[in-house]
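A short write-up of the structure that comes next.
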Amino acid sequence: MVEVSNLVKTYGDLVAVDHISFSVARGEIVGLLGPNGAGKSTTMKIITCFMPATAGAVTVAGLDVFTRSIDVRRHVGYMPENVPLYPEMRVSEYLRYRGRLKGLGGANLRNRIDAVVDACQIDDVYTRIIEQLSKGYRQRVGLAEAMIADPDLLILDEPTIGLDPNQVRQVRDLIKAIGKDRTVILSTHILPEVEMVCERVLIMHQGRLAFQDTMANLRSGAEKSFICEVKAEAEAVADAFKKIPGVRQVDVEAVDGWMRAAVKARHNDDDLREALFAAVKAHNWPLRDLHATAPTLEDVFVNVTTR
Amino acid sequence: MRTFLTLYKRELATLFFTPVGYIIMCVFLGVLGWVFWLLVQVLNLPASYRFNEDVFSILFGGTFFYWIVLAAVASALTMRLFAEERRSGTIEVLMTAPVSDLAVVLSKYCAALSFLLLMWAPTAVFVIVLSRFATVDYGVVLSGYVGTVLLCAMLTAVGLLVSSFTRSQIVSFIISFVVILMLFSLSFMQTVVSPFWRALYSYTSILEQFKDFPKGVVDSRPVVYFISVTLFLLFCTVHSLESRKWR
């Protein structure tokens with residue numbers, strides 16, 4: 001659906017996007033992550049034909065964004081950061097206007113408006129003036145607008161910012177539902193959201209693509225560790241746990257009077273919890289916590305973007 | 001064409017749905033009405049009889065009110081067209097819809113010009129009122145309106161171009177107001193420059209080009225002048241909008 005190859009964008013001396021390449025397949029939901037100023041919005045603006053690249057090529061649905069700009073725009077629904085809307089218009093007027101602009105008309109336009117109003121749950125503000133709407137409603141009006149022409153590719157720049165937790169959940173479910181048969185690229189700072197919604201993540205850092213992988217790989221490939229908190233001497237704990245077969249590494253640290261041992265297995269698929277409990281029981285140590293952890297997307301993000 | 005109409009309707013609706021449009025219209029009609037009343041009064045004084053001047057030949061460009069008000073109104077009507085889209089970020093939504101830059105520029109231009117010309121419509125009352133008490137030279141009235149339409153077309157294009165440079169409505173207003181006043185003042189400057197430049201200043205001066213219209217003369221030269229400058233300014237606006245692509 002989207003092919004980005006060796007994309008470069010400079011603003012004067014500032015290199016905003018520095019030779020990035022990636023592709024997004026039809027039907028994929030991809031999260032574009034990165035610290036502020038990493039080049040996420042710039043990349044999105046280039047894919048949506050708002051501005052051209054300095055070098056490199058971008059195609060959407062096989063069409064070049066520079067030479068076939070108008071055709072590309074027919075395939076794309078875009079919600080920019082901060083959801084700019086015309087404050088003096090009513091929601092109904094705005095959706096009708098944007099629908100017409102995107103080539104809809106007649107019964108088709110009415111059906112699409114009904115569909116997006118329903119999907120984004122904005123029917124109770126449908127006749128209100130946009131200026132009077134709360135942030136959450138504006139966000140959803142923006143989302144409805146992006147979806148109005150039923151685009152193949154939806155590009156959302158921070159879609160859930162400013163929403164309350166219930167609305168965030170609704171928008172997330174909505175994006176998931178759209179992603180079943182459409183392609184979605186979304187940028188966000190909320191990492192758990194990406195873990196819940198996206199099938200693949202791209203992490204940008206200082207204009208470069210620092211990391212890309214599928215969520216499934218991230219989950220299965222991540223190195224698990226087992227956390228066990230007992231009341232005992234540090235050395236005794238380390239010795240006891242190292243004797244368990246299959247243990248590769250034990251790190252012990254004192255946490256408010258308890259010893260916290262982080263145990264890593266030799267094989268990532270092994271579950272050491274039962275063996276750990278047996279060891280604790282054998283020494284008769286008081287136990288307050290035993291659980292398995294995997295590094296989160298946040299750990300990956302911090303690791304990639306602070307190098 | 002369909003996208004143009006959609007865009008045009010929205011631009012025009014915005015002018016009608018926001019108070020700014022009405023405030024501009026009130027100020028404009030207030031000043032023009034006052035000037036009309038003043039002219040009628042002055043021309044009725046016994047001392048004025050010997051001038052044998054027509055009210056309408058003075059109303060169209062004969063007082064400085066005409067020029068100042070047009071400069072202010074054209075700047076005020078066009079100031080938000082691009083500046084507000086840039087400030088609020090809606091330009092991004094607008095320019096990522098399947099619309100050409102030309103359609104966007106023309107729709108904004110036509111909407112502002114339509115509103116400006118619509119503001120002139122009530123001044124037909126002046127003609128009707130006067131025709132009941134005196135003989136009106138309709139040729140002068142008609143050519144005065146033709147000149148005014150051409151002038152409005154050009155000033156709207158100036159305002160639109162300036163608005164495309166900035167994200168502040170106030171900056172857009174002030175700059176286009178000053179630019180328009182400077183364009184007017186070119187004819188005063190021909191007296192202070194060398195003879196070679198004098199011809200150029202005279203050709204490019206709006207006042208010089210306009211001066212035949214209120215006399216009832218529609219010459220093709222000023223018509224071509226106003227239309228070609230307008231088209232050139234619109235061409236520049238399209239490129240100013242495109243400049244986001246190479247900045």
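Naming scheme: A, B, ... for chains in displayed order of the structure tokens; residues 1 onward per chain; ligands 1 onward as shown.
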Residues near A:His75, anyone? I mean within 12 Å using only C-alpha atoms, not counting same-chain ones fewer than 6 positions away, as a PyMOL selection string.
(chain A and resi 1-2+47-49+59-63+65+68-69+102-103+146-155+182-184) or (chain B and resi 96-98)
Could you save the residues just selected, with N, CA and C atoms, as a PDB file, in the first residue's frame?
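Wrote again.pdb, looks like this:
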```pdb
ATOM      1  N   MET A   1       0.826  -1.207   0.000  1.00  0.00           N
ATOM      2  CA  MET A   1       0.000   0.000   0.000  1.00  0.00           C
ATOM      3  C   MET A   1       0.863   1.261   0.000  1.00  0.00           C
ATOM      4  N   VAL A   2       1.808   1.274   0.900  1.00  0.00           N
ATOM      5  CA  VAL A   2       2.723   2.420   0.983  1.00  0.00           C
ATOM      6  C   VAL A   2       4.156   1.920   0.854  1.00  0.00           C
ATOM      7  N   ILE A  47       3.766  11.596   2.897  1.00  0.00           N
ATOM      8  CA  ILE A  47       2.920  10.519   2.367  1.00  0.00           C
ATOM      9  C   ILE A  47       1.554  11.064   1.939  1.00  0.00           C
ATOM     10  N   THR A  48       1.061  12.090   2.669  1.00  0.00           N
ATOM     11  CA  THR A  48      -0.259  12.649   2.350  1.00  0.00           C
ATOM     12  C   THR A  48      -0.200  13.729   1.278  1.00  0.00           C
ATOM     13  N   CYS A  49       0.978  13.939   0.678  1.00  0.00           N
ATOM     14  CA  CYS A  49       1.140  14.909  -0.417  1.00  0.00           C
ATOM     15  C   CYS A  49       1.056  16.358   0.048  1.00  0.00           C
ATOM     16  N   THR A  59       5.448   5.933  -2.735  1.00  0.00           N
ATOM     17  CA  THR A  59       4.272   5.603  -3.534  1.00  0.00           C
ATOM     18  C   THR A  59       3.161   5.129  -2.620  1.00  0.00           C
ATOM     19  N   VAL A  60       1.950   5.504  -2.967  1.00  0.00           N
ATOM     20  CA  VAL A  60       0.762   5.049  -2.250  1.00  0.00           C
ATOM     21  C   VAL A  60      -0.115   4.359  -3.284  1.00  0.00           C
ATOM     22  N   ALA A  61      -0.485   3.113  -3.012  1.00  0.00           N
ATOM     23  CA  ALA A  61      -1.275   2.307  -3.943  1.00  0.00           C
ATOM     24  C   ALA A  61      -0.622   2.295  -5.331  1.00  0.00           C
ATOM     25  N   GLY A  62       0.702   2.286  -5.345  1.00  0.00           N
ATOM     26  CA  GLY A  62       1.439   2.224  -6.606  1.00  0.00           C
ATOM     27  C   GLY A  62       1.571   3.554  -7.324  1.00  0.00           C
ATOM     28  N   LEU A  63       1.033   4.635  -6.745  1.00  0.00           N
ATOM     29  CA  LEU A  63       1.106   5.950  -7.388  1.00  0.00           C
ATOM     30  C   LEU A  63       2.144   6.819  -6.677  1.00  0.00           C
ATOM     31  N   VAL A  65       3.710   9.964  -5.041  1.00  0.00           N
ATOM     32  CA  VAL A  65       3.024  11.070  -4.365  1.00  0.00           C
ATOM     33  C   VAL A  65       3.323  12.425  -4.996  1.00  0.00           C
ATOM     34  N   ARG A  68       1.670  11.991  -9.113  1.00  0.00           N
ATOM     35  CA  ARG A  68       0.241  11.638  -9.183  1.00  0.00           C
ATOM     36  C   ARG A  68      -0.474  12.108  -7.932  1.00  0.00           C
ATOM     37  N   SER A  69      -0.075  13.295  -7.474  1.00  0.00           N
ATOM     38  CA  SER A  69      -0.527  13.801  -6.180  1.00  0.00           C
ATOM     39  C   SER A  69      -2.041  13.737  -5.978  1.00  0.00           C
ATOM     40  N   LYS A 102     -14.151  15.587  -1.541  1.00  0.00           N
ATOM     41  CA  LYS A 102     -13.509  14.318  -1.866  1.00  0.00           C
ATOM     42  C   LYS A 102     -14.296  13.542  -2.911  1.00  0.00           C
ATOM     43  N   GLY A 103     -15.229  14.220  -3.584  1.00  0.00           N
ATOM     44  CA  GLY A 103     -15.881  13.621  -4.742  1.00  0.00           C
ATOM     45  C   GLY A 103     -17.139  12.843  -4.453  1.00  0.00           C
ATOM     46  N   ALA A 146     -11.702  12.180   8.269  1.00  0.00           N
ATOM     47  CA  ALA A 146     -10.655  11.401   7.591  1.00  0.00           C
ATOM     48  C   ALA A 146     -11.238  10.151   6.935  1.00  0.00           C
ATOM     49  N   MET A 147     -12.304   9.627   7.548  1.00  0.00           N
ATOM     50  CA  MET A 147     -12.871   8.363   7.058  1.00  0.00           C
ATOM     51  C   MET A 147     -13.976   8.565   6.035  1.00  0.00           C
ATOM     52  N   ILE A 148     -14.348   9.811   5.785  1.00  0.00           N
ATOM     53  CA  ILE A 148     -15.611  10.047   5.066  1.00  0.00           C
ATOM     54  C   ILE A 148     -15.640   9.440   3.670  1.00  0.00           C
ATOM     55  N   ALA A 149     -14.523   9.492   2.957  1.00  0.00           N
ATOM     56  CA  ALA A 149     -14.547   8.973   1.585  1.00  0.00           C
ATOM     57  C   ALA A 149     -14.133   7.505   1.535  1.00  0.00           C
ATOM     58  N   ASP A 150     -14.175   6.836   2.695  1.00  0.00           N
ATOM     59  CA  ASP A 150     -13.830   5.433   2.780  1.00  0.00           C
ATOM     60  C   ASP A 150     -12.448   5.152   2.164  1.00  0.00           C
ATOM     61  N   PRO A 151     -11.417   5.817   2.669  1.00  0.00           N
ATOM     62  CA  PRO A 151     -10.098   5.720   2.025  1.00  0.00           C
ATOM     63  C   PRO A 151      -9.429   4.362   2.278  1.00  0.00           C
ATOM     64  N   ASP A 152      -8.570   3.987   1.356  1.00  0.00           N
ATOM     65  CA  ASP A 152      -7.819   2.729   1.521  1.00  0.00           C
ATOM     66  C   ASP A 152      -6.768   2.868   2.604  1.00  0.00           C
ATOM     67  N   LEU A 153      -6.271   4.114   2.744  1.00  0.00           N
ATOM     68  CA  LEU A 153      -5.173   4.347   3.672  1.00  0.00           C
ATOM     69  C   LEU A 153      -5.572   5.475   4.610  1.00  0.00           C
ATOM     70  N   LEU A 154      -5.468   5.188   5.904  1.00  0.00           N
ATOM     71  CA  LEU A 154      -5.828   6.198   6.895  1.00  0.00           C
ATOM     72  C   LEU A 154      -4.547   6.595   7.632  1.00  0.00           C
ATOM     73  N   ILE A 155      -4.245   7.870   7.653  1.00  0.00           N
ATOM     74  CA  ILE A 155      -3.047   8.330   8.341  1.00  0.00           C
ATOM     75  C   ILE A 155      -3.471   9.236   9.487  1.00  0.00           C
ATOM     76  N   ARG A 182      -8.611  -2.045   6.001  1.00  0.00           N
ATOM     77  CA  ARG A 182      -7.938  -0.829   5.514  1.00  0.00           C
ATOM     78  C   ARG A 182      -6.531  -0.797   6.089  1.00  0.00           C
ATOM     79  N   THR A 183      -5.722   0.054   5.494  1.00  0.00           N
ATOM     80  CA  THR A 183      -4.382   0.248   6.006  1.00  0.00           C
ATOM     81  C   THR A 183      -4.382   1.475   6.905  1.00  0.00           C
ATOM     82  N   VAL A 184      -3.765   1.357   8.053  1.00  0.00           N
ATOM     83  CA  VAL A 184      -3.720   2.497   8.971  1.00  0.00           C
ATOM     84  C   VAL A 184      -2.282   2.747   9.396  1.00  0.00           C
TER      85      VAL A 184
ATOM     86  N   THR B  96      -4.526  18.432   1.446  1.00  0.00           N
ATOM     87  CA  THR B  96      -4.368  16.989   1.286  1.00  0.00           C
ATOM     88  C   THR B  96      -5.663  16.366   0.752  1.00  0.00           C
ATOM     89  N   ALA B  97      -6.675  17.213   0.510  1.00  0.00           N
ATOM     90  CA  ALA B  97      -7.868  16.734  -0.188  1.00  0.00           C
ATOM     91  C   ALA B  97      -7.556  16.775  -1.684  1.00  0.00           C
ATOM     92  N   PRO B  98      -8.276  15.982  -2.478  1.00  0.00           N
ATOM     93  CA  PRO B  98      -7.959  15.973  -3.919  1.00  0.00           C
ATOM     94  C   PRO B  98      -8.423  17.253  -4.620  1.00  0.00           C
TER      95      PRO B  98
END
```
Residues at most 12 Å from B:Val127, counting only C-alpha atoms, excluding those fewer than 5 positions away in the same chain, as a PyMOL selection string?
chain B and resi 33+36+40+54-56+59+121-122+132-142+144-145
Could you give me, as a tab-separated table, every chain A residue with an atom at most 10 Å from chain B, plus its closest atom pair and distance in Å to one decimal, counting only C-alpha atoms, rows ordered by chain then number?
```
residue	atom	partner	partner_atom	distance
A:Thr10	CA	B:Arg247	CA	9.0
A:Tyr11	CA	B:Arg247	CA	6.9
A:Gly12	CA	B:Arg247	CA	7.8
A:Lys45	CA	B:Glu92	CA	8.4
A:Ile46	CA	B:Lys245	CA	9.9
A:Ile47	CA	B:Thr96	CA	9.8
A:Thr48	CA	B:Thr96	CA	6.1
A:Cys49	CA	B:Thr96	CA	6.1
A:Phe50	CA	B:Thr96	CA	5.6
A:Met51	CA	B:Lys245	CA	5.0
A:Pro52	CA	B:Lys245	CA	5.6
A:Ala53	CA	B:Lys245	CA	8.4
A:Thr54	CA	B:Trp246	CA	8.3
A:Phe66	CA	B:Lys245	CA	9.9
A:Ser69	CA	B:Pro98	CA	8.1
A:Ile70	CA	B:Pro98	CA	5.0
A:Asp71	CA	B:Pro98	CA	7.2
A:Val72	CA	B:Pro98	CA	8.1
A:Arg73	CA	B:Pro98	CA	5.2
A:Arg74	CA	B:Pro98	CA	5.8
A:His75	CA	B:Pro98	CA	9.3
A:Val76	CA	B:Thr96	CA	8.3
A:Gly77	CA	B:Ala97	CA	8.4
A:Tyr78	CA	B:Val93	CA	7.4
A:Met79	CA	B:Val93	CA	7.5
A:Pro80	CA	B:Val93	CA	7.3
A:Glu81	CA	B:Gly89	CA	8.9
A:Asn82	CA	B:Gly89	CA	8.5
A:Val83	CA	B:Gly89	CA	8.2
A:Pro84	CA	B:Thr90	CA	4.9
A:Leu85	CA	B:Thr90	CA	6.0
A:Tyr86	CA	B:Thr90	CA	7.2
A:Pro87	CA	B:Ser88	CA	9.6
A:Glu88	CA	B:Thr14	CA	7.3
A:Met89	CA	B:Thr14	CA	8.1
A:Glu93	CA	B:Arg10	CA	9.3
A:Tyr94	CA	B:Arg10	CA	9.2
A:Arg96	CA	B:Thr6	CA	9.8
A:Tyr97	CA	B:Thr6	CA	6.8
A:Arg98	CA	B:Ala97	CA	8.3
A:Gly99	CA	B:Thr6	CA	9.8
A:Arg100	CA	B:Thr6	CA	6.7
A:Leu101	CA	B:Thr3	CA	5.6
A:Lys102	CA	B:Pro98	CA	6.1
A:Gly103	CA	B:Thr3	CA	7.8
A:Gly142	CA	B:Val93	CA	9.8
A:Glu145	CA	B:Val93	CA	9.7
A:Ala146	CA	B:Val93	CA	9.2
```
Distance query B:Ser75 at most 8 Å, only C-alpha atoms, self and fewer than 5 positions along chain excluded, as an NGL selection string:
:B and (155-156 or 159 or 172-174 or 176-177)
Can you spit out the residues from that selection as an mmCIF file, in the first residue's frame, using all heavy atoms?
```cif
data_model
loop_
_atom_site.group_PDB
_atom_site.id
_atom_site.type_symbol
_atom_site.label_atom_id
_atom_site.label_comp_id
_atom_site.auth_asym_id
_atom_site.auth_seq_id
_atom_site.Cartn_x
_atom_site.Cartn_y
_atom_site.Cartn_z
ATOM 1 N N LEU B 155 -7.626 44.783 -6.527
ATOM 2 C CA LEU B 155 -7.279 44.944 -5.116
ATOM 3 C C LEU B 155 -7.511 43.643 -4.347
ATOM 4 O O LEU B 155 -6.744 43.303 -3.439
ATOM 5 C CB LEU B 155 -8.103 46.078 -4.488
ATOM 6 C CG LEU B 155 -7.862 47.454 -5.101
ATOM 7 C CD1 LEU B 155 -8.590 48.522 -4.302
ATOM 8 C CD2 LEU B 155 -6.386 47.785 -5.195
ATOM 9 N N THR B 156 -8.554 42.895 -4.704
ATOM 10 C CA THR B 156 -8.793 41.601 -4.069
ATOM 11 C C THR B 156 -7.614 40.662 -4.336
ATOM 12 O O THR B 156 -7.177 39.932 -3.452
ATOM 13 C CB THR B 156 -10.094 40.973 -4.608
ATOM 14 O OG1 THR B 156 -11.146 41.925 -4.466
ATOM 15 C CG2 THR B 156 -10.471 39.726 -3.842
ATOM 16 N N GLY B 159 -4.759 41.621 -2.045
ATOM 17 C CA GLY B 159 -5.005 41.147 -0.680
ATOM 18 C C GLY B 159 -4.810 39.645 -0.547
ATOM 19 O O GLY B 159 -4.236 39.169 0.418
ATOM 20 N N SER B 172 -1.446 40.496 7.581
ATOM 21 C CA SER B 172 -1.948 40.486 6.212
ATOM 22 C C SER B 172 -2.711 41.767 5.911
ATOM 23 O O SER B 172 -2.518 42.393 4.853
ATOM 24 C CB SER B 172 -2.864 39.267 6.030
ATOM 25 O OG SER B 172 -3.520 39.332 4.798
ATOM 26 N N PHE B 173 -3.566 42.187 6.854
ATOM 27 C CA PHE B 173 -4.351 43.406 6.638
ATOM 28 C C PHE B 173 -3.437 44.619 6.475
ATOM 29 O O PHE B 173 -3.560 45.385 5.509
ATOM 30 C CB PHE B 173 -5.317 43.638 7.806
ATOM 31 C CG PHE B 173 -6.064 44.935 7.703
ATOM 32 C CD1 PHE B 173 -7.179 45.033 6.882
ATOM 33 C CD2 PHE B 173 -5.640 46.063 8.391
ATOM 34 C CE1 PHE B 173 -7.861 46.227 6.761
ATOM 35 C CE2 PHE B 173 -6.317 47.262 8.275
ATOM 36 C CZ PHE B 173 -7.427 47.341 7.446
ATOM 37 N N ILE B 174 -2.513 44.779 7.403
ATOM 38 C CA ILE B 174 -1.669 45.978 7.392
ATOM 39 C C ILE B 174 -0.817 46.019 6.123
ATOM 40 O O ILE B 174 -0.740 47.042 5.440
ATOM 41 C CB ILE B 174 -0.773 46.018 8.652
ATOM 42 C CG1 ILE B 174 -1.654 46.230 9.886
ATOM 43 C CG2 ILE B 174 0.271 47.129 8.542
ATOM 44 C CD1 ILE B 174 -0.950 46.067 11.194
ATOM 45 N N SER B 176 -1.275 44.488 3.191
ATOM 46 C CA SER B 176 -1.990 44.732 1.923
ATOM 47 C C SER B 176 -2.546 46.153 1.876
ATOM 48 O O SER B 176 -2.572 46.771 0.809
ATOM 49 C CB SER B 176 -3.065 43.678 1.646
ATOM 50 O OG SER B 176 -3.906 43.515 2.732
ATOM 51 N N PHE B 177 -2.940 46.699 3.031
ATOM 52 C CA PHE B 177 -3.422 48.082 3.062
ATOM 53 C C PHE B 177 -2.309 49.031 2.609
ATOM 54 O O PHE B 177 -2.521 49.898 1.747
ATOM 55 C CB PHE B 177 -3.882 48.427 4.487
ATOM 56 C CG PHE B 177 -4.543 49.767 4.613
ATOM 57 C CD1 PHE B 177 -5.777 50.004 4.039
ATOM 58 C CD2 PHE B 177 -3.928 50.792 5.315
ATOM 59 C CE1 PHE B 177 -6.394 51.237 4.159
ATOM 60 C CE2 PHE B 177 -4.533 52.037 5.440
ATOM 61 C CZ PHE B 177 -5.774 52.256 4.857
#
```
Measure the distance from atom CA of B:Met182 to atom CA of B:Phe60 in Å and round it to one decimal.
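It comes out at 19.3 Å.
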Considering only alpha helix (DSSP H) as DSSP defines it on the backbone, what residues of stretch 158-242 of chain A qualify? List them as a PyMOL selection string.
chain A and resi 165-178+191-197+215-221+234-242
How about saving the chosen residues, N, CA, C and O atoms kept, as a CSV table (one decimal), in the first residue's frame?
```csv
chain,number,residue,atom,x,y,z
A,165,PRO,N,-10.4,8.5,29.1
A,165,PRO,CA,-10.0,7.0,28.9
A,165,PRO,C,-11.1,6.2,28.2
A,165,PRO,O,-10.8,5.4,27.4
A,166,ASN,N,-12.4,6.6,28.4
A,166,ASN,CA,-13.4,5.8,27.7
A,166,ASN,C,-13.4,6.1,26.2
A,166,ASN,O,-13.6,5.2,25.4
A,167,GLN,N,-13.2,7.4,25.9
A,167,GLN,CA,-13.1,7.7,24.5
A,167,GLN,C,-11.9,7.1,23.8
A,167,GLN,O,-12.0,6.7,22.7
A,168,VAL,N,-10.8,7.1,24.6
A,168,VAL,CA,-9.6,6.5,24.0
A,168,VAL,C,-9.9,5.1,23.6
A,168,VAL,O,-9.5,4.6,22.5
A,169,ARG,N,-10.6,4.4,24.5
A,169,ARG,CA,-10.9,3.0,24.2
A,169,ARG,C,-11.8,2.8,23.0
A,169,ARG,O,-11.6,2.0,22.2
A,170,GLN,N,-12.8,3.8,22.9
A,170,GLN,CA,-13.7,3.7,21.7
A,170,GLN,C,-12.9,3.9,20.4
A,170,GLN,O,-13.1,3.2,19.4
A,171,VAL,N,-12.0,5.0,20.4
A,171,VAL,CA,-11.3,5.3,19.2
A,171,VAL,C,-10.3,4.1,18.9
A,171,VAL,O,-10.2,3.8,17.7
A,172,ARG,N,-9.7,3.5,19.9
A,172,ARG,CA,-8.9,2.4,19.7
A,172,ARG,C,-9.6,1.2,19.0
A,172,ARG,O,-9.1,0.6,18.1
A,173,ASP,N,-10.8,1.0,19.5
A,173,ASP,CA,-11.6,-0.1,19.0
A,173,ASP,C,-12.0,0.2,17.5
A,173,ASP,O,-12.0,-0.7,16.6
A,174,LEU,N,-12.3,1.5,17.3
A,174,LEU,CA,-12.7,1.9,16.0
A,174,LEU,C,-11.5,1.7,15.0
A,174,LEU,O,-11.7,1.2,13.9
A,175,ILE,N,-10.3,2.1,15.4
A,175,ILE,CA,-9.1,2.0,14.6
A,175,ILE,C,-8.9,0.5,14.3
A,175,ILE,O,-8.6,0.1,13.1
A,176,LYS,N,-9.0,-0.3,15.3
A,176,LYS,CA,-8.9,-1.8,15.1
A,176,LYS,C,-9.9,-2.3,14.1
A,176,LYS,O,-9.5,-3.1,13.2
A,177,ALA,N,-11.1,-1.8,14.2
A,177,ALA,CA,-12.2,-2.3,13.3
A,177,ALA,C,-11.9,-1.8,11.8
A,177,ALA,O,-12.0,-2.6,10.9
A,178,ILE,N,-11.4,-0.6,11.7
A,178,ILE,CA,-11.1,0.0,10.4
A,178,ILE,C,-9.9,-0.9,9.8
A,178,ILE,O,-9.9,-1.2,8.6
A,191,LEU,N,2.5,4.5,24.3
A,191,LEU,CA,3.0,3.2,23.9
A,191,LEU,C,2.1,2.0,24.1
A,191,LEU,O,1.9,1.1,23.2
A,192,PRO,N,1.4,2.0,25.3
A,192,PRO,CA,0.5,0.8,25.4
A,192,PRO,C,-0.6,0.8,24.3
A,192,PRO,O,-1.1,-0.3,23.9
A,193,GLU,N,-1.0,2.0,23.8
A,193,GLU,CA,-1.9,2.0,22.7
A,193,GLU,C,-1.4,1.3,21.5
A,193,GLU,O,-2.1,0.5,20.9
A,194,VAL,N,-0.1,1.5,21.2
A,194,VAL,CA,0.5,0.8,20.1
A,194,VAL,C,0.5,-0.7,20.3
A,194,VAL,O,0.1,-1.5,19.4
A,195,GLU,N,0.8,-1.1,21.5
A,195,GLU,CA,0.8,-2.5,21.8
A,195,GLU,C,-0.6,-3.1,21.6
A,195,GLU,O,-0.7,-4.3,21.2
A,196,MET,N,-1.6,-2.3,22.0
A,196,MET,CA,-3.0,-2.9,21.8
A,196,MET,C,-3.5,-2.9,20.4
A,196,MET,O,-4.2,-3.8,20.0
A,197,VAL,N,-3.1,-1.8,19.7
A,197,VAL,CA,-3.8,-1.6,18.4
A,197,VAL,C,-2.9,-2.1,17.2
A,197,VAL,O,-3.5,-2.8,16.3
A,215,MET,N,4.7,-6.6,16.2
A,215,MET,CA,4.4,-6.8,17.6
A,215,MET,C,4.6,-8.2,18.0
A,215,MET,O,5.0,-8.5,19.1
A,216,ALA,N,4.2,-9.2,17.2
A,216,ALA,CA,4.3,-10.6,17.5
A,216,ALA,C,5.7,-11.0,17.7
A,216,ALA,O,6.1,-11.6,18.7
A,217,ASN,N,6.6,-10.5,16.8
A,217,ASN,CA,8.1,-10.8,17.0
A,217,ASN,C,8.6,-10.2,18.3
A,217,ASN,O,9.4,-10.7,19.0
A,218,LEU,N,8.1,-8.9,18.6
A,218,LEU,CA,8.6,-8.2,19.7
A,218,LEU,C,8.2,-9.0,21.0
A,218,LEU,O,9.0,-9.1,21.9
A,219,ARG,N,7.0,-9.6,21.0
A,219,ARG,CA,6.5,-10.3,22.1
A,219,ARG,C,7.2,-11.6,22.3
A,219,ARG,O,7.7,-11.9,23.4
A,220,SER,N,7.4,-12.4,21.2
A,220,SER,CA,8.0,-13.7,21.4
A,220,SER,C,9.5,-13.6,21.5
A,220,SER,O,10.1,-14.4,22.2
A,221,GLY,N,10.1,-12.6,20.8
A,221,GLY,CA,11.5,-12.6,20.8
A,221,GLY,C,12.1,-11.9,22.1
A,221,GLY,O,13.3,-12.0,22.3
A,234,ALA,N,21.4,-11.8,50.5
A,234,ALA,CA,21.5,-11.7,49.1
A,234,ALA,C,22.3,-12.9,48.5
A,234,ALA,O,21.9,-13.5,47.5
A,235,GLU,N,23.4,-13.2,49.1
A,235,GLU,CA,24.3,-14.3,48.6
A,235,GLU,C,23.6,-15.6,48.6
A,235,GLU,O,23.6,-16.4,47.6
A,236,ALA,N,22.8,-15.9,49.7
A,236,ALA,CA,22.1,-17.2,49.8
A,236,ALA,C,21.1,-17.3,48.7
A,236,ALA,O,20.9,-18.3,48.1
A,237,VAL,N,20.4,-16.2,48.4
A,237,VAL,CA,19.4,-16.2,47.3
A,237,VAL,C,20.0,-16.5,46.0
A,237,VAL,O,19.6,-17.4,45.2
A,238,ALA,N,21.1,-15.8,45.7
A,238,ALA,CA,21.8,-15.9,44.4
A,238,ALA,C,22.3,-17.4,44.3
A,238,ALA,O,22.1,-18.0,43.2
A,239,ASP,N,22.9,-17.9,45.3
A,239,ASP,CA,23.4,-19.3,45.2
A,239,ASP,C,22.3,-20.3,45.0
A,239,ASP,O,22.4,-21.2,44.1
A,240,ALA,N,21.2,-20.1,45.8
A,240,ALA,CA,20.1,-21.1,45.7
A,240,ALA,C,19.5,-21.1,44.3
A,240,ALA,O,19.2,-22.1,43.7
A,241,PHE,N,19.3,-19.9,43.7
A,241,PHE,CA,18.7,-19.8,42.4
A,241,PHE,C,19.6,-20.2,41.3
A,241,PHE,O,19.1,-20.8,40.3
A,242,LYS,N,20.9,-20.0,41.4
A,242,LYS,CA,21.8,-20.4,40.4
A,242,LYS,C,21.9,-21.9,40.2
A,242,LYS,O,22.3,-22.4,39.2
```
Expressed in Å to a single decimal, how great is the separation between atom CA of B:Leu151 and atom CA of B:Leu70?
8.9 Å
How many Å separate atom CA of B:Leu113 from atom CA of B:Phe232?
16.1 Å
List as a VMD selection string the protein and nucleic acid residues near A:Ala294, meaning an atom at most 9 Å away when only C-alpha atoms are counted, but skip any in the same chain fewer than 4 places from it.
chain A and resid 219 222 to 226
So that I have them on file, write out the residues from the current selection with N, CA and C atoms, as a PDB file, in the first residue's frame.
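Generated output (selection37.pdb):
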```pdb
ATOM      1  N   ARG A 219       6.967  -9.554  20.960  1.00  0.00           N
ATOM      2  CA  ARG A 219       6.489 -10.285  22.143  1.00  0.00           C
ATOM      3  C   ARG A 219       7.236 -11.604  22.313  1.00  0.00           C
ATOM      4  N   ALA A 222      11.267 -11.276  22.833  1.00  0.00           N
ATOM      5  CA  ALA A 222      11.782 -10.525  23.973  1.00  0.00           C
ATOM      6  C   ALA A 222      12.292 -11.464  25.052  1.00  0.00           C
ATOM      7  N   GLU A 223      13.347 -11.070  25.738  1.00  0.00           N
ATOM      8  CA  GLU A 223      13.938 -11.922  26.760  1.00  0.00           C
ATOM      9  C   GLU A 223      13.168 -11.764  28.059  1.00  0.00           C
ATOM     10  N   LYS A 224      12.581 -12.846  28.467  1.00  0.00           N
ATOM     11  CA  LYS A 224      11.778 -12.816  29.692  1.00  0.00           C
ATOM     12  C   LYS A 224      12.687 -12.862  30.907  1.00  0.00           C
ATOM     13  N   SER A 225      12.197 -12.339  32.028  1.00  0.00           N
ATOM     14  CA  SER A 225      12.885 -12.606  33.282  1.00  0.00           C
ATOM     15  C   SER A 225      11.837 -12.843  34.359  1.00  0.00           C
ATOM     16  N   PHE A 226      12.293 -13.523  35.427  1.00  0.00           N
ATOM     17  CA  PHE A 226      11.359 -13.873  36.498  1.00  0.00           C
ATOM     18  C   PHE A 226      11.768 -13.113  37.732  1.00  0.00           C
TER      19      PHE A 226
END
```
